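File shown: model-v1.pdb. Contents: PDB, C-alpha atoms and all ligand atoms.
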```pdb
ATOM      1  CA  MET Y   1       0.000   0.000   0.000
ATOM      2  CA  PRO Y   2       1.192   3.553  -0.540
ATOM      3  CA  ASP Y   3       2.980   4.996   2.464
ATOM      4  CA  CYS Y   4       1.481   8.383   1.796
ATOM      5  CA  ALA Y   5      -1.385   7.804   4.224
ATOM      6  CA  LEU Y   6       0.928   7.613   7.168
ATOM      7  CA  THR Y   7       3.139  10.420   5.973
ATOM      8  CA  LEU Y   8       0.205  12.720   5.410
ATOM      9  CA  CYS Y   9      -1.244  11.876   8.726
ATOM     10  CA  VAL Y  10       1.834  12.368  10.826
ATOM     11  CA  ASP Y  11       3.829  14.950   8.955
ATOM     12  CA  ASN Y  12       0.928  17.277   8.332
ATOM     13  CA  GLY Y  13       0.439  17.611  12.072
ATOM     14  CA  ALA Y  14       0.298  21.218  13.182
ATOM     15  CA  THR Y  15       0.565  22.315  16.777
ATOM     16  CA  LEU Y  16      -2.056  24.242  18.602
ATOM     17  CA  ALA Y  17      -0.889  26.227  21.594
ATOM     18  CA  GLN Y  18      -3.296  25.592  24.428
ATOM     19  CA  THR Y  19      -4.128  28.714  26.345
ATOM     20  CA  ALA Y  20      -7.234  27.711  28.258
ATOM     21  CA  GLY Y  21      -9.059  24.662  29.501
ATOM     22  CA  THR Y  22      -8.356  22.041  32.088
ATOM     23  CA  GLY Y  23      -4.918  20.774  32.812
ATOM     24  CA  LEU Y  24      -3.290  21.586  29.493
ATOM     25  CA  SER Y  25       0.199  22.940  29.565
ATOM     26  CA  GLY Y  26       1.942  21.438  26.565
ATOM     27  CA  ASP Y  27       1.136  21.775  22.879
ATOM     28  CA  VAL Y  28      -1.256  19.341  21.302
ATOM     29  CA  THR Y  29      -0.675  17.798  17.913
ATOM     30  CA  VAL Y  30      -3.555  18.322  15.532
ATOM     31  CA  SER Y  31      -3.491  15.754  12.800
ATOM     32  CA  ALA Y  32      -4.445  16.140   9.192
ATOM     33  CA  ASP Y  33      -8.111  15.783   8.301
ATOM     34  CA  PRO Y  34      -8.794  12.044   8.146
ATOM     35  CA  ALA Y  35     -10.834  12.595   5.009
ATOM     36  CA  GLU Y  36      -7.606  13.669   3.327
ATOM     37  CA  VAL Y  37      -5.750  10.689   4.692
ATOM     38  CA  ALA Y  38      -8.421   8.201   3.813
ATOM     39  CA  GLY Y  39      -8.982   9.898   0.485
ATOM     40  CA  ALA Y  40      -5.787   8.262  -0.718
ATOM     41  CA  PHE Y  41      -7.699   4.975  -0.748
ATOM     42  CA  GLU Y  42     -10.472   3.906  -3.031
ATOM     43  CA  GLY Y  43     -13.922   3.954  -1.480
ATOM     44  CA  LEU Y  44     -12.944   5.007   2.039
ATOM     45  CA  GLN Y  45     -14.773   8.062   3.370
ATOM     46  CA  ALA Y  46     -13.640   8.995   6.866
ATOM     47  CA  THR Y  47     -15.060  11.833   8.910
ATOM     48  CA  LEU Y  48     -13.565  13.099  12.132
ATOM     49  CA  GLN Y  49     -16.186  12.927  14.895
ATOM     50  CA  THR Y  50     -14.721  15.389  17.427
ATOM     51  CA  GLY Y  51     -11.761  17.739  17.553
ATOM     52  CA  TYR Y  52      -9.188  14.965  17.830
ATOM     53  CA  THR Y  53     -10.805  11.633  18.480
ATOM     54  CA  GLY Y  54     -12.949   9.150  16.561
ATOM     55  CA  VAL Y  55     -13.583   8.742  12.846
ATOM     56  CA  ARG Y  56     -16.668   7.415  11.137
ATOM     57  CA  VAL Y  57     -16.052   5.452   7.970
ATOM     58  CA  ASP Y  58     -18.889   5.247   5.455
ATOM     59  CA  GLY Y  59     -19.269   3.653   2.088
ATOM     60  CA  LEU Y  60     -17.310   0.501   2.825
ATOM     61  CA  ARG Y  61     -18.477  -3.053   3.478
ATOM     62  CA  LEU Y  62     -15.790  -4.119   5.886
ATOM     63  CA  VAL Y  63     -16.023  -7.771   4.965
ATOM     64  CA  ASP Y  64     -15.096  -6.812   1.389
ATOM     65  CA  ALA Y  65     -12.230  -4.480   2.324
ATOM     66  CA  THR Y  66      -9.134  -4.681   0.161
ATOM     67  CA  ASP Y  67      -5.684  -5.084   1.724
ATOM     68  CA  ASP Y  68      -5.007  -1.387   1.072
ATOM     69  CA  GLN Y  69      -8.208  -0.455   2.878
ATOM     70  CA  ILE Y  70      -7.273  -2.646   5.855
ATOM     71  CA  GLU Y  71      -3.941  -0.799   6.060
ATOM     72  CA  ALA Y  72      -5.735   2.548   5.785
ATOM     73  CA  ILE Y  73      -8.027   1.532   8.640
ATOM     74  CA  ARG Y  74      -5.056   0.443  10.748
ATOM     75  CA  ARG Y  75      -3.602   3.928  10.327
ATOM     76  CA  LEU Y  76      -6.861   5.771  10.871
ATOM     77  CA  VAL Y  77      -7.581   3.897  14.093
ATOM     78  CA  GLY Y  78      -3.995   4.455  15.200
ATOM     79  CA  GLU Y  79      -4.224   8.176  14.575
ATOM     80  CA  TYR Y  80      -7.773   8.902  15.813
ATOM     81  CA  CYS Y  81      -7.981   6.125  18.426
ATOM     82  CA  VAL Y  82     -11.372   4.742  17.403
ATOM     83  CA  ALA Y  83     -13.223   4.143  14.155
ATOM     84  CA  VAL Y  84     -16.932   3.562  13.722
ATOM     85  CA  PHE Y  85     -18.331   1.667  10.749
ATOM     86  CA  PRO Y  86     -22.113   1.965  10.713
ATOM     87  CA  GLY Y  87     -24.488  -0.602   9.231
ATOM     88  CA  GLN Y  88     -22.052  -3.512   8.999
ATOM     89  CA  TYR Y  89     -24.032  -6.291  10.772
ATOM     90  CA  ILE Y  90     -20.946  -8.481  11.069
ATOM     91  CA  GLY Y  91     -21.533 -11.978  12.465
ATOM     92  CA  PRO Y  92     -19.031 -13.924  14.584
ATOM     93  CA  GLU Y  93     -17.241 -15.790  11.806
ATOM     94  CA  ASP Y  94     -16.738 -12.745   9.602
ATOM     95  CA  HIS Y  95     -15.772 -10.784  12.693
ATOM     96  CA  VAL Y  96     -12.930 -13.138  13.616
ATOM     97  CA  ALA Y  97     -11.782 -13.316   9.980
ATOM     98  CA  LEU Y  98     -11.769  -9.522   9.735
ATOM     99  CA  ILE Y  99      -9.718  -8.985  12.879
ATOM    100  CA  ALA Y 100      -7.302 -11.713  11.802
ATOM    101  CA  ARG Y 101      -6.387  -9.424   8.891
ATOM    102  CA  PHE Y 102      -4.970  -6.947  11.428
ATOM    103  CA  GLY Y 103      -2.901  -9.481  13.366
ATOM    104  CA  LYS Y 104      -3.171 -12.481  15.639
ATOM    105  CA  VAL Y 105      -6.613 -12.854  17.209
ATOM    106  CA  THR Y 106      -6.501 -12.974  21.005
ATOM    107  CA  HIS Y 107      -8.832 -12.683  23.973
ATOM    108  CA  THR Y 108      -8.743 -11.583  27.579
ATOM    109  CA  PRO Y 109      -7.640 -14.472  29.778
ATOM    110  CA  GLY Y 110     -10.283 -15.371  32.307
ATOM    111  CA  VAL Y 111     -13.393 -14.114  30.510
ATOM    112  CA  ASN Y 112     -16.179 -16.336  29.282
ATOM    113  CA  MET Y 113     -16.322 -16.759  25.561
ATOM    114  CA  HIS Y 114     -19.196 -17.360  23.139
ATOM    115  CA  PRO Y 115     -20.272 -21.033  23.438
ATOM    116  CA  ASP Y 116     -19.952 -21.644  19.680
ATOM    117  CA  HIS Y 117     -17.147 -19.239  18.766
ATOM    118  CA  ASP Y 118     -14.155 -19.558  21.035
ATOM    119  CA  GLU Y 119     -12.522 -16.299  19.896
ATOM    120  CA  VAL Y 120     -15.620 -14.176  20.466
ATOM    121  CA  HIS Y 121     -16.302 -12.628  23.842
ATOM    122  CA  VAL Y 122     -19.951 -11.774  24.435
ATOM    123  CA  VAL Y 123     -20.282  -8.393  26.144
ATOM    124  CA  ALA Y 124     -23.807  -8.475  27.489
ATOM    125  CA  ASN Y 125     -25.285  -6.371  30.194
ATOM    126  CA  ARG Y 126     -28.560  -5.062  31.428
ATOM    127  CA  GLY Y 127     -28.531  -2.119  33.727
ATOM    128  CA  ASP Y 128     -30.483  -1.591  36.871
ATOM    129  CA  PRO Y 129     -32.853   1.322  36.229
ATOM    130  CA  ALA Y 130     -32.582   2.283  39.889
ATOM    131  CA  LYS Y 131     -28.770   2.271  39.842
ATOM    132  CA  PRO Y 132     -27.243   3.747  36.709
ATOM    133  CA  ASN Y 133     -23.466   3.576  36.719
ATOM    134  CA  SER Y 134     -20.399   3.576  34.508
ATOM    135  CA  GLY Y 135     -17.457   1.270  34.021
ATOM    136  CA  GLY Y 136     -14.094   2.883  34.744
ATOM    137  CA  PHE Y 137     -11.967   4.151  31.878
ATOM    138  CA  HIS Y 138      -9.387   1.545  30.994
ATOM    139  CA  THR Y 139      -7.214   0.132  28.250
ATOM    140  CA  ASP Y 140      -7.987  -3.515  27.546
ATOM    141  CA  THR Y 141      -6.067  -6.372  29.100
ATOM    142  CA  CYS Y 142      -2.998  -4.306  29.986
ATOM    143  CA  PHE Y 143      -1.980  -6.908  32.590
ATOM    144  CA  VAL Y 144      -0.372  -9.199  30.005
ATOM    145  CA  ALA Y 145       3.024  -8.900  28.318
ATOM    146  CA  LYS Y 146       1.523  -8.170  24.887
ATOM    147  CA  PRO Y 147      -1.706  -6.255  25.457
ATOM    148  CA  PRO Y 148      -4.171  -6.153  22.561
ATOM    149  CA  SER Y 149      -3.534  -3.552  19.902
ATOM    150  CA  PHE Y 150      -7.147  -3.440  18.770
ATOM    151  CA  THR Y 151     -10.449  -4.304  20.335
ATOM    152  CA  SER Y 152     -13.519  -4.474  18.118
ATOM    153  CA  LEU Y 153     -17.194  -4.686  18.944
ATOM    154  CA  SER Y 154     -20.027  -5.672  16.642
ATOM    155  CA  ALA Y 155     -23.374  -4.396  17.880
ATOM    156  CA  ILE Y 156     -25.856  -7.260  18.001
ATOM    157  CA  GLU Y 157     -28.586  -5.815  20.209
ATOM    158  CA  VAL Y 158     -28.547  -2.228  21.421
ATOM    159  CA  PRO Y 159     -30.713  -0.216  23.795
ATOM    160  CA  ASP Y 160     -33.058   2.484  22.463
ATOM    161  CA  HIS Y 161     -31.141   4.966  24.540
ATOM    162  CA  GLY Y 162     -28.177   4.864  26.864
ATOM    163  CA  GLY Y 163     -25.415   2.271  27.051
ATOM    164  CA  ASP Y 164     -22.930   4.486  25.188
ATOM    165  CA  THR Y 165     -19.172   3.904  25.126
ATOM    166  CA  LEU Y 166     -16.695   6.724  25.762
ATOM    167  CA  PHE Y 167     -13.168   6.953  24.398
ATOM    168  CA  ALA Y 168     -10.339   9.173  25.625
ATOM    169  CA  ASN Y 169      -7.377  10.038  23.409
ATOM    170  CA  GLN Y 170      -4.097   9.314  25.185
ATOM    171  CA  TYR Y 171      -1.886  11.123  22.665
ATOM    172  CA  ILE Y 172      -3.625  14.304  23.768
ATOM    173  CA  ALA Y 173      -3.153  13.276  27.388
ATOM    174  CA  TYR Y 174       0.596  12.851  26.886
ATOM    175  CA  GLU Y 175       1.141  15.838  24.627
ATOM    176  CA  SER Y 176      -0.635  18.174  27.014
ATOM    177  CA  LEU Y 177       1.668  17.391  29.942
ATOM    178  CA  SER Y 178       4.379  19.874  30.825
ATOM    179  CA  GLU Y 179       7.936  19.233  29.737
ATOM    180  CA  VAL Y 180       8.824  18.748  33.406
ATOM    181  CA  MET Y 181       6.257  15.995  33.815
ATOM    182  CA  LYS Y 182       7.275  14.408  30.513
ATOM    183  CA  GLY Y 183      10.820  14.366  31.889
ATOM    184  CA  TRP Y 184       9.679  12.629  35.082
ATOM    185  CA  LEU Y 185       7.910   9.986  33.048
ATOM    186  CA  ARG Y 186      10.886   9.230  30.816
ATOM    187  CA  GLY Y 187      11.963   5.640  31.512
ATOM    188  CA  LEU Y 188       9.296   5.156  34.181
ATOM    189  CA  ARG Y 189       7.454   1.837  34.279
ATOM    190  CA  LEU Y 190       4.138   1.069  35.931
ATOM    191  CA  LYS Y 191       2.999  -2.258  37.311
ATOM    192  CA  HIS Y 192      -0.209  -3.684  35.821
ATOM    193  CA  VAL Y 193      -2.220  -6.385  37.536
ATOM    194  CA  VAL Y 194      -5.441  -8.178  36.729
ATOM    195  CA  SER Y 195      -8.834  -7.141  38.014
ATOM    196  CA  GLY Y 196     -12.372  -7.726  36.872
ATOM    197  CA  THR Y 197     -11.968 -11.108  35.207
ATOM    198  CA  ASP Y 198     -14.157 -14.086  35.988
ATOM    199  CA  ARG Y 199     -11.177 -16.381  36.549
ATOM    200  CA  PRO Y 200      -8.124 -14.482  37.859
ATOM    201  CA  GLU Y 201      -6.218 -17.757  38.215
ATOM    202  CA  ALA Y 202      -6.154 -17.980  34.411
ATOM    203  CA  VAL Y 203      -4.128 -14.775  34.206
ATOM    204  CA  PRO Y 204      -0.326 -14.517  34.164
ATOM    205  CA  ASP Y 205       1.795 -12.663  36.724
ATOM    206  CA  PRO Y 206       1.769  -8.845  36.909
ATOM    207  CA  VAL Y 207       3.734  -7.010  34.224
ATOM    208  CA  TRP Y 208       5.618  -3.726  33.996
ATOM    209  CA  HIS Y 209       4.864  -1.415  31.080
ATOM    210  CA  PRO Y 210       6.230   2.032  30.242
ATOM    211  CA  ALA Y 211       4.064   4.910  31.500
ATOM    212  CA  VAL Y 212       4.476   6.483  28.067
ATOM    213  CA  ARG Y 213       4.455   4.338  24.968
ATOM    214  CA  THR Y 214       5.322   5.044  21.378
ATOM    215  CA  HIS Y 215       2.703   3.930  18.907
ATOM    216  CA  PRO Y 216       4.356   1.631  16.369
ATOM    217  CA  VAL Y 217       2.269   2.894  13.448
ATOM    218  CA  THR Y 218       1.941   6.633  14.060
ATOM    219  CA  GLY Y 219       5.227   7.134  15.918
ATOM    220  CA  ARG Y 220       3.386   9.353  18.421
ATOM    221  CA  LYS Y 221       3.748   9.020  22.173
ATOM    222  CA  ALA Y 222       0.711   8.235  24.331
ATOM    223  CA  LEU Y 223       0.157   7.996  28.059
ATOM    224  CA  TYR Y 224      -0.382   4.380  29.110
ATOM    225  CA  VAL Y 225      -2.187   4.267  32.442
ATOM    226  CA  THR Y 226      -5.392   2.684  33.580
ATOM    227  CA  TYR Y 227      -7.520   2.682  36.696
ATOM    228  CA  ALA Y 228      -5.951   2.209  40.097
ATOM    229  CA  ASP Y 229      -7.212  -1.383  40.510
ATOM    230  CA  ARG Y 230      -5.019  -2.411  37.621
ATOM    231  CA  CYS Y 231      -2.166   0.073  37.743
ATOM    232  CA  ILE Y 232      -0.725  -0.234  41.191
ATOM    233  CA  GLU Y 233       2.897   0.818  41.394
ATOM    234  CA  ALA Y 234       5.480   3.124  39.826
ATOM    235  CA  GLU Y 235       8.926   1.571  39.590
ATOM    236  CA  GLY Y 236      11.458   3.025  42.009
ATOM    237  CA  MET Y 237       8.912   5.232  43.770
ATOM    238  CA  THR Y 238       7.488   4.883  47.253
ATOM    239  CA  PRO Y 239       3.914   3.529  47.352
ATOM    240  CA  ALA Y 240       2.631   7.006  48.265
ATOM    241  CA  GLU Y 241       4.529   8.695  45.415
ATOM    242  CA  GLY Y 242       3.424   6.058  42.933
ATOM    243  CA  GLU Y 243      -0.206   6.254  43.987
ATOM    244  CA  SER Y 244      -0.272  10.049  43.771
ATOM    245  CA  LEU Y 245       1.412  10.085  40.387
ATOM    246  CA  ILE Y 246      -0.804   7.377  38.902
ATOM    247  CA  THR Y 247      -3.922   9.071  40.283
ATOM    248  CA  TYR Y 248      -2.835  12.386  38.804
ATOM    249  CA  LEU Y 249      -2.033  10.881  35.402
ATOM    250  CA  TYR Y 250      -5.283   8.954  35.264
ATOM    251  CA  GLU Y 251      -7.343  12.052  36.046
ATOM    252  CA  HIS Y 252      -5.348  14.048  33.539
ATOM    253  CA  SER Y 253      -5.993  11.384  30.891
ATOM    254  CA  LEU Y 254      -9.743  11.996  30.963
ATOM    255  CA  ALA Y 255     -10.125  15.486  29.518
ATOM    256  CA  GLN Y 256     -13.460  16.057  27.808
ATOM    257  CA  HIS Y 257     -11.900  17.703  24.761
ATOM    258  CA  ALA Y 258     -10.005  14.473  24.088
ATOM    259  CA  MET Y 259     -13.105  12.276  24.143
ATOM    260  CA  TYR Y 260     -15.495  10.714  21.700
ATOM    261  CA  ARG Y 261     -18.808   9.296  22.937
ATOM    262  CA  HIS Y 262     -20.313   6.561  20.829
ATOM    263  CA  ARG Y 263     -24.050   6.075  20.770
ATOM    264  CA  TRP Y 264     -24.714   2.560  19.533
ATOM    265  CA  SER Y 265     -26.943   1.551  16.628
ATOM    266  CA  GLU Y 266     -27.579  -2.016  15.623
ATOM    267  CA  GLY Y 267     -25.074  -3.207  13.024
ATOM    268  CA  ASP Y 268     -22.355  -0.800  14.163
ATOM    269  CA  PHE Y 269     -18.829  -2.100  14.052
ATOM    270  CA  VAL Y 270     -16.456  -0.168  16.296
ATOM    271  CA  MET Y 271     -12.728  -0.715  16.520
ATOM    272  CA  TRP Y 272     -10.335   1.059  18.866
ATOM    273  CA  ASP Y 273      -6.614   1.135  19.451
ATOM    274  CA  ASN Y 274      -5.715   0.274  23.044
ATOM    275  CA  ARG Y 275      -2.208   1.703  22.606
ATOM    276  CA  CYS Y 276      -3.438   5.283  22.450
ATOM    277  CA  SER Y 277      -6.854   5.372  24.109
ATOM    278  CA  LEU Y 278      -8.901   4.567  27.178
ATOM    279  CA  HIS Y 279     -12.555   3.621  27.007
ATOM    280  CA  ALA Y 280     -15.485   3.199  29.368
ATOM    281  CA  ALA Y 281     -18.974   1.752  29.143
ATOM    282  CA  VAL Y 282     -21.937   3.695  30.463
ATOM    283  CA  TYR Y 283     -24.624   1.569  32.072
ATOM    284  CA  ASP Y 284     -27.559   3.944  31.946
ATOM    285  CA  HIS Y 285     -29.750   1.806  29.708
ATOM    286  CA  GLY Y 286     -31.981   0.482  32.459
ATOM    287  CA  ASP Y 287     -33.045  -3.090  31.890
ATOM    288  CA  GLN Y 288     -32.837  -2.893  28.103
ATOM    289  CA  PRO Y 289     -30.672  -5.593  26.556
ATOM    290  CA  ARG Y 290     -27.277  -4.633  25.207
ATOM    291  CA  THR Y 291     -25.224  -7.292  23.426
ATOM    292  CA  LEU Y 292     -21.947  -6.647  21.675
ATOM    293  CA  TYR Y 293     -19.601  -9.285  20.278
ATOM    294  CA  ARG Y 294     -15.961  -8.569  20.950
ATOM    295  CA  VAL Y 295     -12.824  -9.756  19.154
ATOM    296  CA  MET Y 296      -9.311  -8.498  19.882
ATOM    297  CA  CYS Y 297      -5.996  -8.504  18.113
ATOM    298  CA  GLU Y 298      -2.714  -9.118  19.920
ATOM    299  CA  GLY Y 299      -0.325  -6.170  20.095
ATOM    300  CA  GLU Y 300       3.419  -5.928  20.652
ATOM    301  CA  VAL Y 301       5.331  -5.595  23.913
ATOM    302  CA  PRO Y 302       4.800  -1.885  24.718
ATOM    303  CA  PHE Y 303       7.906   0.262  24.191
ATOM    304  CA  GLU Y 304       8.661   3.830  25.104
TER     305      GLU Y 304
HETATM  306  C1  LIG N   1     -14.722  -3.905  26.177
HETATM  307  C2  LIG N   1     -15.395  -2.764  26.814
HETATM  308  C3  LIG N   1     -17.207  -1.233  26.563
HETATM  309  C4  LIG N   1     -18.674  -1.288  26.356
HETATM  310  O1  LIG N   1     -15.377  -4.626  25.428
HETATM  311  O2  LIG N   1     -13.505  -4.044  26.396
HETATM  312  O3  LIG N   1     -14.829  -2.139  27.662
HETATM  313  O4  LIG N   1     -19.243  -0.213  26.154
HETATM  314  N1  LIG N   1     -16.602  -2.471  26.344
HETATM  315  O5  LIG N   1     -19.261  -2.366  26.423
HETATM  316 MN    MN N   2     -12.667  -2.696  27.697
END
```

Step by step, read the file and then write its structure as structure tokens.
Amino acid sequence: MPDCALTLCVDNGATLAQTAGTGLSGDVTVSADPAEVAGAFEGLQATLQTGYTGVRVDGLRLVDATDDQIEAIRRLVGEYCVAVFPGQYIGPEDHVALIARFGKVTHTPGVNMHPDHDEVHVVANRGDPAKPNSGGFHTDTCFVAKPPSFTSLSAIEVPDHGGDTLFANQYIAYESLSEVMKGWLRGLRLKHVVSGTDRPEAVPDPVWHPAVRTHPVTGRKALYVTYADRCIEAEGMTPAEGESLITYLYEHSLAQHAMYRHRWSEGDFVMWDNRCSLHAAVYDHGDQPRTLYRVMCEGEVPFE
């Protein structure tokens, strides 16, 4: 495939000096319009959904994507953290085959898989109308040596309202730190442990990952933290220092201007890049059913 997509995307980045807003002290990279990037590829129409985060791709049947289009999608998701493909209605077999085109299919150790499709995780939940709540922002399965690059969800059954998913752009989180803080984070590793699986005994030992990771496709640096249950220690720091730093970074990583909020429609196919984003489910859909099929792709060992 032509390399121009990546070049356009990264090299056309301009910087926007941040003068107001919450917690921004560095400059933020503003990438080229994804429509321009995607325009290099036949049949791909990508539209940026917020200032920095989330693209919607229309006019493409994913199951028929060419190899060039798969590479374009890999770059778009890497740059804008999450891509939404409406009206795809992708079933489990096509879903696994599609994700296999991006890399090795994997799943979260310790979760229960679809009874007939052992690479498909069924994300199903009904809320309690009396107790709306939200899942914490996280990056998927960061407690293994090679956390998933991509997670994808195919919307099987969606609520009439509520049950959205939020995404937070971690390039913006990193880029908007001060140079002093970036200096502190250089070479720092954080300890990731399992939480929230059905069978914790199926999960390997805790792992150390860099607090800042370089995305292998875009070359950009992103903050790599998750909620305190799973991110428990900063190497070489006292427990109190580590806890304060991780808490600060996690809060910093959730700026509204770096978020995209996805409202689900049946047939949606959504794919995000865990190397540069956090995401969270919102359980405000009462007792309406919400069923999403999930397939992930193995990533590399994170590097700074
Ligand atoms: C996941 C996840 C969010 C949602 O599948 O990893 O966090 O909205 N899903 O269901
Ligand atoms: Mn998740």

Nearest residue to Ser154 (chain Y) from the set Y:His95, Y:Arg126, Y:His107, Y:Arg101 (distances using only C-alpha atoms)
Y:His95

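Note that CA of Cys276 (chain Y) and CA of Val158 (chain Y) are 26.2 Å apart.
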
Check what the PyMOL selection byres (((chain Y and resi 267) around 7) and not hetatm) selects in the file above and give those residues as a ChimeraX atom specification.
/Y:86-90,154-156,265-266,268-269

Preceding selection exported with C-alpha atoms as a short mmCIF file (atom, residue, chain, number, x, y, z; two decimals), in the coordinates of the input:
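Below is the file again15.cif, written as the result:
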```cif
data_model
loop_
_atom_site.label_atom_id
_atom_site.label_comp_id
_atom_site.auth_asym_id
_atom_site.auth_seq_id
_atom_site.Cartn_x
_atom_site.Cartn_y
_atom_site.Cartn_z
CA PRO Y 86 -22.11 1.96 10.71
CA GLY Y 87 -24.49 -0.60 9.23
CA GLN Y 88 -22.05 -3.51 9.00
CA TYR Y 89 -24.03 -6.29 10.77
CA ILE Y 90 -20.95 -8.48 11.07
CA SER Y 154 -20.03 -5.67 16.64
CA ALA Y 155 -23.37 -4.40 17.88
CA ILE Y 156 -25.86 -7.26 18.00
CA SER Y 265 -26.94 1.55 16.63
CA GLU Y 266 -27.58 -2.02 15.62
CA ASP Y 268 -22.36 -0.80 14.16
CA PHE Y 269 -18.83 -2.10 14.05
#
```

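Minimum atom-to-atom distance to Val212 (chain Y), evaluated using all atoms listed in the file, belongs to Y:Glu304 out of Y:Val270, Y:Gln288, Y:Glu243, Y:Glu304.
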
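Pocket residues of ligand MN 2 (chain N), taken as those with any atom at most 7 Å away using only C-alpha atoms and all ligand atoms, are Y:His138, Y:Thr139, Y:Asp140, Y:His279, Y:Ala280.
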
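Of the listed residues Y:Thr165, Y:Ser152, Y:Asn112, Y:Ser244, the one whose atoms come nearest to ligand LIG 1 (chain N) is Y:Thr165, with distances taken using all atoms listed in the file.
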
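In this comparison, which uses only C-alpha atoms and all ligand atoms, the residue of Y:Tyr250, Y:Phe150, Y:Tyr224, Y:Phe303 approaching ligand LIG 1 (chain N) most closely is Y:Phe150.
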
Axis-aligned box over every listed atom of region 65-80 of chain Y, padded by 6 Å per side: centre and edges in Å to one decimal, as AutoDock Vina command-line options?
```
--center_x -7.9 --center_y 1.9 --center_z 8.0 --size_x 20.6 --size_y 26.0 --size_z 27.7
```

One decimal, Å: what's the distance from CA of Thr53 (chain Y) over to CA of Ala258 (chain Y), could you say?
6.3 Å

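Between atom O2 of ligand LIG 1 (chain N) and CA of Asp128 (chain Y) there is a distance of 20.1 Å.
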
Expand the PyMOL selection byres (((chain Y and resi 249) around 10) and not hetatm) into the explicit residue set it covers here, and present it as a PDB file with C-alpha atoms, in the coordinates of the input.
```pdb
ATOM      1  CA  ALA Y 173      -3.153  13.276  27.388  1.00  0.00           C
ATOM      2  CA  TYR Y 174       0.596  12.851  26.886  1.00  0.00           C
ATOM      3  CA  LEU Y 177       1.668  17.391  29.942  1.00  0.00           C
ATOM      4  CA  MET Y 181       6.257  15.995  33.815  1.00  0.00           C
ATOM      5  CA  ALA Y 211       4.064   4.910  31.500  1.00  0.00           C
ATOM      6  CA  LEU Y 223       0.157   7.996  28.059  1.00  0.00           C
ATOM      7  CA  TYR Y 224      -0.382   4.380  29.110  1.00  0.00           C
ATOM      8  CA  VAL Y 225      -2.187   4.267  32.442  1.00  0.00           C
ATOM      9  CA  THR Y 226      -5.392   2.684  33.580  1.00  0.00           C
ATOM     10  CA  TYR Y 227      -7.520   2.682  36.696  1.00  0.00           C
ATOM     11  CA  GLU Y 243      -0.206   6.254  43.987  1.00  0.00           C
ATOM     12  CA  SER Y 244      -0.272  10.049  43.771  1.00  0.00           C
ATOM     13  CA  LEU Y 245       1.412  10.085  40.387  1.00  0.00           C
ATOM     14  CA  ILE Y 246      -0.804   7.377  38.902  1.00  0.00           C
ATOM     15  CA  THR Y 247      -3.922   9.071  40.283  1.00  0.00           C
ATOM     16  CA  TYR Y 248      -2.835  12.386  38.804  1.00  0.00           C
ATOM     17  CA  TYR Y 250      -5.283   8.954  35.264  1.00  0.00           C
ATOM     18  CA  GLU Y 251      -7.343  12.052  36.046  1.00  0.00           C
ATOM     19  CA  HIS Y 252      -5.348  14.048  33.539  1.00  0.00           C
ATOM     20  CA  SER Y 253      -5.993  11.384  30.891  1.00  0.00           C
ATOM     21  CA  LEU Y 254      -9.743  11.996  30.963  1.00  0.00           C
TER      22      LEU Y 254
END
```

Write out as a PDB file with C-alpha atoms, in the coordinates of the input each polymer residue whose atoms come within 10 Å of Met271 (chain Y), counting all atoms listed in the file; drop sequence neighbours fewer than 4 positions from it.
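And here is the file that came out, result-v4.pdb:
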```pdb
ATOM      1  CA  GLY Y  54     -12.949   9.150  16.561  1.00  0.00           C
ATOM      2  CA  ILE Y  73      -8.027   1.532   8.640  1.00  0.00           C
ATOM      3  CA  ARG Y  74      -5.056   0.443  10.748  1.00  0.00           C
ATOM      4  CA  VAL Y  77      -7.581   3.897  14.093  1.00  0.00           C
ATOM      5  CA  CYS Y  81      -7.981   6.125  18.426  1.00  0.00           C
ATOM      6  CA  VAL Y  82     -11.372   4.742  17.403  1.00  0.00           C
ATOM      7  CA  ALA Y  83     -13.223   4.143  14.155  1.00  0.00           C
ATOM      8  CA  VAL Y  84     -16.932   3.562  13.722  1.00  0.00           C
ATOM      9  CA  PHE Y  85     -18.331   1.667  10.749  1.00  0.00           C
ATOM     10  CA  ILE Y  99      -9.718  -8.985  12.879  1.00  0.00           C
ATOM     11  CA  PHE Y 150      -7.147  -3.440  18.770  1.00  0.00           C
ATOM     12  CA  THR Y 151     -10.449  -4.304  20.335  1.00  0.00           C
ATOM     13  CA  SER Y 152     -13.519  -4.474  18.118  1.00  0.00           C
ATOM     14  CA  LEU Y 153     -17.194  -4.686  18.944  1.00  0.00           C
ATOM     15  CA  SER Y 154     -20.027  -5.672  16.642  1.00  0.00           C
ATOM     16  CA  ARG Y 294     -15.961  -8.569  20.950  1.00  0.00           C
ATOM     17  CA  VAL Y 295     -12.824  -9.756  19.154  1.00  0.00           C
ATOM     18  CA  MET Y 296      -9.311  -8.498  19.882  1.00  0.00           C
TER      19      MET Y 296
END
```

Could you pull out every residue with an atom within 12 Å of (3.3, -2.4, 24.7), file coordinates, counting all atoms listed in the file, and send them as an MDAnalysis selection string?
chainID Y and resid 139:149 189:190 192 207:216 221:225 273:276 298:304
